[in-house]
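These notes concern the structure reproduced below.
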Amino acid sequence: VQLQASGGGLVQAGGSLRLSCAASGDTFSSNIMGWFRQAPGKEREFVAAISWSGGITYYADSVKGRFTISRDNAKNTVYLQMNSLKPEDTAVYYCAVRPPSRASYYYMNLKEYHYWGQGTLVTVSS
């Protein structure tokens with residue numbers, strides 16, 4: 001399984017970026033995909049997650065209303081549209097995949113994800 005994240009970069013506060021994560025290999029049927037981030041000196045934290053159908057999404061409180069997760073199963077790709085970026089959004093963003101589940105716990109807990117991408121750096125300047 002390979003997850004290739006891209007789209008990071010340097011942006012001014014208030015700006016936007018769209019991250020992409022392309023998956024290949026045996027990434028589980030009807031999987032859940034998520035985005036996490038890790039800021040310097042901090043632990044990795046949940047950002048957003050989406051079900052296979054796209055009908056179920058979860059967001060961290062800190063990004064609700066600003067970030068949108070989506071996916072294109074035909075392309076095996078998940079996206080994270082990030083708007084109104086803030087300096088505190090600066091982090092390495094990681095995508096991850098896990099088998100399907102109904103409980104929100106499994107969407108938001110990084111320990112429940114099986115495969116991870118290499119990360120893409122997002123830097124938001126003030």
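The chains in the structure tokens are called A, B, ... from first to last as shown; in each chain the residues are counted from 1, and the ligands are counted from 1 in the order shown.
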If you count only C-alpha atoms, which residues fall within 12 Å of segment 14-17 of chain A, apart from same-chain ones fewer than 3 positions away, as a ChimeraX atom specification?
/A:6-11,20,66-68,79-90,93,120-126
Could the residues in this selection be saved with N, CA and C atoms as a PDB file, in the first residue's frame?
ATOM      1  N   SER A   6       0.365  15.282  -1.498  1.00  0.00           N
ATOM      2  CA  SER A   6       0.949  16.411  -2.212  1.00  0.00           C
ATOM      3  C   SER A   6       0.084  17.636  -2.011  1.00  0.00           C
ATOM      4  N   GLY A   7       0.614  18.786  -2.437  1.00  0.00           N
ATOM      5  CA  GLY A   7      -0.173  20.010  -2.397  1.00  0.00           C
ATOM      6  C   GLY A   7       0.217  20.987  -1.313  1.00  0.00           C
ATOM      7  N   GLY A   8       1.128  20.600  -0.458  1.00  0.00           N
ATOM      8  CA  GLY A   8       1.558  21.514   0.587  1.00  0.00           C
ATOM      9  C   GLY A   8       2.378  22.657   0.026  1.00  0.00           C
ATOM     10  N   GLY A   9       2.644  23.638   0.882  1.00  0.00           N
ATOM     11  CA  GLY A   9       3.430  24.781   0.455  1.00  0.00           C
ATOM     12  C   GLY A   9       3.337  25.913   1.439  1.00  0.00           C
ATOM     13  N   LEU A  10       3.822  27.059   1.004  1.00  0.00           N
ATOM     14  CA  LEU A  10       3.807  28.265   1.830  1.00  0.00           C
ATOM     15  C   LEU A  10       2.663  29.162   1.372  1.00  0.00           C
ATOM     16  N   VAL A  11       1.857  29.608   2.315  1.00  0.00           N
ATOM     17  CA  VAL A  11       0.713  30.455   2.001  1.00  0.00           C
ATOM     18  C   VAL A  11       0.552  31.493   3.109  1.00  0.00           C
ATOM     19  N   SER A  20      -3.803  16.724  -1.730  1.00  0.00           N
ATOM     20  CA  SER A  20      -4.276  15.504  -2.365  1.00  0.00           C
ATOM     21  C   SER A  20      -3.507  14.320  -1.798  1.00  0.00           C
ATOM     22  N   ARG A  66     -13.762  25.611   7.882  1.00  0.00           N
ATOM     23  CA  ARG A  66     -12.654  26.119   7.068  1.00  0.00           C
ATOM     24  C   ARG A  66     -12.099  25.047   6.127  1.00  0.00           C
ATOM     25  N   PHE A  67     -12.080  23.801   6.581  1.00  0.00           N
ATOM     26  CA  PHE A  67     -11.536  22.701   5.787  1.00  0.00           C
ATOM     27  C   PHE A  67     -12.668  21.815   5.301  1.00  0.00           C
ATOM     28  N   THR A  68     -12.464  21.220   4.123  1.00  0.00           N
ATOM     29  CA  THR A  68     -13.430  20.278   3.574  1.00  0.00           C
ATOM     30  C   THR A  68     -12.692  19.063   3.027  1.00  0.00           C
ATOM     31  N   TYR A  79      -8.979  14.344  -0.862  1.00  0.00           N
ATOM     32  CA  TYR A  79      -8.562  15.739  -0.919  1.00  0.00           C
ATOM     33  C   TYR A  79      -8.860  16.436   0.416  1.00  0.00           C
ATOM     34  N   LEU A  80      -8.112  17.471   0.677  1.00  0.00           N
ATOM     35  CA  LEU A  80      -8.399  18.332   1.817  1.00  0.00           C
ATOM     36  C   LEU A  80      -8.299  19.776   1.335  1.00  0.00           C
ATOM     37  N   GLN A  81      -9.456  20.404   1.175  1.00  0.00           N
ATOM     38  CA  GLN A  81      -9.493  21.807   0.799  1.00  0.00           C
ATOM     39  C   GLN A  81      -9.391  22.635   2.069  1.00  0.00           C
ATOM     40  N   MET A  82      -8.383  23.472   2.132  1.00  0.00           N
ATOM     41  CA  MET A  82      -8.134  24.264   3.331  1.00  0.00           C
ATOM     42  C   MET A  82      -8.273  25.736   2.990  1.00  0.00           C
ATOM     43  N   ASN A  83      -9.263  26.372   3.591  1.00  0.00           N
ATOM     44  CA  ASN A  83      -9.513  27.797   3.377  1.00  0.00           C
ATOM     45  C   ASN A  83      -9.290  28.569   4.671  1.00  0.00           C
ATOM     46  N   SER A  84      -9.176  29.869   4.530  1.00  0.00           N
ATOM     47  CA  SER A  84      -8.996  30.752   5.700  1.00  0.00           C
ATOM     48  C   SER A  84      -7.896  30.227   6.613  1.00  0.00           C
ATOM     49  N   LEU A  85      -6.786  29.905   6.019  1.00  0.00           N
ATOM     50  CA  LEU A  85      -5.687  29.304   6.782  1.00  0.00           C
ATOM     51  C   LEU A  85      -5.132  30.268   7.817  1.00  0.00           C
ATOM     52  N   LYS A  86      -4.712  29.682   8.932  1.00  0.00           N
ATOM     53  CA  LYS A  86      -4.154  30.436  10.040  1.00  0.00           C
ATOM     54  C   LYS A  86      -2.730  29.955  10.315  1.00  0.00           C
ATOM     55  N   PRO A  87      -1.920  30.791  10.923  1.00  0.00           N
ATOM     56  CA  PRO A  87      -0.549  30.343  11.254  1.00  0.00           C
ATOM     57  C   PRO A  87      -0.540  29.061  12.078  1.00  0.00           C
ATOM     58  N   GLU A  88      -1.546  28.874  12.919  1.00  0.00           N
ATOM     59  CA  GLU A  88      -1.595  27.656  13.744  1.00  0.00           C
ATOM     60  C   GLU A  88      -1.937  26.405  12.949  1.00  0.00           C
ATOM     61  N   ASP A  89      -2.251  26.563  11.671  1.00  0.00           N
ATOM     62  CA  ASP A  89      -2.453  25.403  10.801  1.00  0.00           C
ATOM     63  C   ASP A  89      -1.129  24.873  10.252  1.00  0.00           C
ATOM     64  N   THR A  90      -0.048  25.571  10.511  1.00  0.00           N
ATOM     65  CA  THR A  90       1.264  25.144  10.045  1.00  0.00           C
ATOM     66  C   THR A  90       1.616  23.786  10.643  1.00  0.00           C
ATOM     67  N   TYR A  93       1.170  17.561   7.097  1.00  0.00           N
ATOM     68  CA  TYR A  93      -0.135  16.909   6.964  1.00  0.00           C
ATOM     69  C   TYR A  93       0.056  15.506   6.391  1.00  0.00           C
ATOM     70  N   THR A 120       3.015  16.035   3.841  1.00  0.00           N
ATOM     71  CA  THR A 120       3.308  17.207   3.031  1.00  0.00           C
ATOM     72  C   THR A 120       3.250  18.433   3.946  1.00  0.00           C
ATOM     73  N   LEU A 121       4.232  19.311   3.822  1.00  0.00           N
ATOM     74  CA  LEU A 121       4.373  20.435   4.731  1.00  0.00           C
ATOM     75  C   LEU A 121       3.519  21.612   4.302  1.00  0.00           C
ATOM     76  N   VAL A 122       2.739  22.123   5.229  1.00  0.00           N
ATOM     77  CA  VAL A 122       1.957  23.336   5.025  1.00  0.00           C
ATOM     78  C   VAL A 122       2.493  24.393   5.991  1.00  0.00           C
ATOM     79  N   THR A 123       2.878  25.520   5.442  1.00  0.00           N
ATOM     80  CA  THR A 123       3.376  26.627   6.249  1.00  0.00           C
ATOM     81  C   THR A 123       2.512  27.849   5.985  1.00  0.00           C
ATOM     82  N   VAL A 124       1.930  28.383   7.036  1.00  0.00           N
ATOM     83  CA  VAL A 124       1.071  29.555   6.927  1.00  0.00           C
ATOM     84  C   VAL A 124       1.767  30.719   7.630  1.00  0.00           C
ATOM     85  N   SER A 125       2.067  31.746   6.848  1.00  0.00           N
ATOM     86  CA  SER A 125       2.751  32.913   7.404  1.00  0.00           C
ATOM     87  C   SER A 125       1.741  33.964   7.842  1.00  0.00           C
ATOM     88  N   SER A 126       2.104  34.706   8.874  1.00  0.00           N
ATOM     89  CA  SER A 126       1.196  35.725   9.406  1.00  0.00           C
ATOM     90  C   SER A 126       1.404  37.073   8.727  1.00  0.00           C
TER      91      SER A 126
END
What are the DSSP strand (DSSP E) residues of segment 32-122 of chain A, as a PyMOL selection string?
chain A and resi 32-38+45-50+57-59+67-72+77-82+91-98+115-116+120-122
Put those residues in a file: N, CA and C atoms, as a tab-separated table (two decimals), in the first residue's frame.
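Written file, out14.tsv:
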chain	number	residue	atom	x	y	z
A	32	ILE	N	-11.97	3.88	4.94
A	32	ILE	CA	-12.06	5.23	5.50
A	32	ILE	C	-10.69	5.88	5.28
A	33	MET	N	-10.72	7.14	4.87
A	33	MET	CA	-9.47	7.86	4.71
A	33	MET	C	-9.49	9.11	5.58
A	34	GLY	N	-8.33	9.42	6.11
A	34	GLY	CA	-8.26	10.55	7.02
A	34	GLY	C	-7.04	11.40	6.78
A	35	TRP	N	-7.13	12.62	7.31
A	35	TRP	CA	-6.00	13.54	7.32
A	35	TRP	C	-5.65	13.85	8.78
A	36	PHE	N	-4.37	13.85	9.04
A	36	PHE	CA	-3.85	14.21	10.35
A	36	PHE	C	-2.74	15.23	10.14
A	37	ARG	N	-2.35	15.89	11.20
A	37	ARG	CA	-1.25	16.85	11.07
A	37	ARG	C	-0.39	16.84	12.32
A	38	GLN	N	0.85	17.23	12.13
A	38	GLN	CA	1.77	17.30	13.24
A	38	GLN	C	2.58	18.58	13.14
A	45	GLU	N	-2.17	14.99	15.30
A	45	GLU	CA	-3.57	15.13	15.68
A	45	GLU	C	-4.50	14.94	14.49
A	46	PHE	N	-5.72	14.58	14.81
A	46	PHE	CA	-6.76	14.37	13.80
A	46	PHE	C	-7.18	15.69	13.18
A	47	VAL	N	-7.41	15.66	11.86
A	47	VAL	CA	-7.91	16.83	11.15
A	47	VAL	C	-9.29	16.55	10.55
A	48	ALA	N	-9.38	15.51	9.73
A	48	ALA	CA	-10.63	15.20	9.06
A	48	ALA	C	-10.60	13.77	8.56
A	49	ALA	N	-11.79	13.19	8.38
A	49	ALA	CA	-11.88	11.83	7.86
A	49	ALA	C	-13.17	11.69	7.07
A	50	ILE	N	-13.18	10.70	6.17
A	50	ILE	CA	-14.32	10.53	5.28
A	50	ILE	C	-14.55	9.06	5.00
A	57	THR	N	-18.52	12.36	7.24
A	57	THR	CA	-17.27	13.10	7.42
A	57	THR	C	-17.17	13.56	8.87
A	58	TYR	N	-15.95	13.67	9.33
A	58	TYR	CA	-15.67	14.20	10.66
A	58	TYR	C	-14.56	15.23	10.55
A	59	TYR	N	-14.65	16.22	11.41
A	59	TYR	CA	-13.64	17.28	11.42
A	59	TYR	C	-13.24	17.60	12.85
A	67	PHE	N	-12.08	23.80	6.58
A	67	PHE	CA	-11.54	22.70	5.79
A	67	PHE	C	-12.67	21.81	5.30
A	68	THR	N	-12.46	21.22	4.12
A	68	THR	CA	-13.43	20.28	3.57
A	68	THR	C	-12.69	19.06	3.03
A	69	ILE	N	-13.09	17.91	3.48
A	69	ILE	CA	-12.52	16.66	2.98
A	69	ILE	C	-13.45	16.08	1.92
A	70	SER	N	-12.87	15.51	0.89
A	70	SER	CA	-13.65	14.88	-0.17
A	70	SER	C	-12.81	13.77	-0.77
A	71	ARG	N	-13.44	12.97	-1.63
A	71	ARG	CA	-12.69	11.88	-2.25
A	71	ARG	C	-13.25	11.57	-3.62
A	72	ASP	N	-12.39	11.00	-4.45
A	72	ASP	CA	-12.75	10.54	-5.78
A	72	ASP	C	-12.30	9.08	-5.84
A	77	THR	N	-8.27	8.78	-4.67
A	77	THR	CA	-7.66	9.99	-4.14
A	77	THR	C	-8.60	10.68	-3.14
A	78	VAL	N	-8.00	11.16	-2.07
A	78	VAL	CA	-8.73	11.96	-1.09
A	78	VAL	C	-8.13	13.36	-1.09
A	79	TYR	N	-8.98	14.34	-0.86
A	79	TYR	CA	-8.56	15.74	-0.92
A	79	TYR	C	-8.86	16.44	0.42
A	80	LEU	N	-8.11	17.47	0.68
A	80	LEU	CA	-8.40	18.33	1.82
A	80	LEU	C	-8.30	19.78	1.33
A	81	GLN	N	-9.46	20.40	1.17
A	81	GLN	CA	-9.49	21.81	0.80
A	81	GLN	C	-9.39	22.63	2.07
A	82	MET	N	-8.38	23.47	2.13
A	82	MET	CA	-8.13	24.26	3.33
A	82	MET	C	-8.27	25.74	2.99
A	91	ALA	N	1.91	22.82	9.77
A	91	ALA	CA	2.19	21.47	10.21
A	91	ALA	C	2.54	20.62	9.00
A	92	VAL	N	3.02	19.42	9.28
A	92	VAL	CA	3.11	18.39	8.24
A	92	VAL	C	1.78	17.64	8.25
A	93	TYR	N	1.17	17.56	7.10
A	93	TYR	CA	-0.14	16.91	6.96
A	93	TYR	C	0.06	15.51	6.39
A	94	TYR	N	-0.56	14.55	7.05
A	94	TYR	CA	-0.46	13.15	6.66
A	94	TYR	C	-1.83	12.60	6.30
A	95	CYS	N	-1.87	11.78	5.25
A	95	CYS	CA	-3.09	11.05	4.96
A	95	CYS	C	-2.90	9.61	5.43
A	96	ALA	N	-4.03	8.96	5.70
A	96	ALA	CA	-3.98	7.61	6.22
A	96	ALA	C	-5.25	6.87	5.80
A	97	VAL	N	-5.19	5.55	5.86
A	97	VAL	CA	-6.33	4.71	5.44
A	97	VAL	C	-6.54	3.58	6.45
A	98	ARG	N	-7.79	3.21	6.61
A	98	ARG	CA	-8.15	2.12	7.51
A	98	ARG	C	-9.39	1.41	6.96
A	115	TYR	N	-2.35	2.39	7.35
A	115	TYR	CA	-1.30	2.83	6.44
A	115	TYR	C	-1.27	4.35	6.39
A	116	TRP	N	-0.05	4.86	6.22
A	116	TRP	CA	0.18	6.30	6.25
A	116	TRP	C	1.00	6.77	5.06
A	120	THR	N	3.02	16.03	3.84
A	120	THR	CA	3.31	17.21	3.03
A	120	THR	C	3.25	18.43	3.95
A	121	LEU	N	4.23	19.31	3.82
A	121	LEU	CA	4.37	20.44	4.73
A	121	LEU	C	3.52	21.61	4.30
A	122	VAL	N	2.74	22.12	5.23
A	122	VAL	CA	1.96	23.34	5.03
A	122	VAL	C	2.49	24.39	5.99
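Between atom CA of Gln118 of chain A and atom CA of Cys21 of chain A lies a distance of 9.9 Å.
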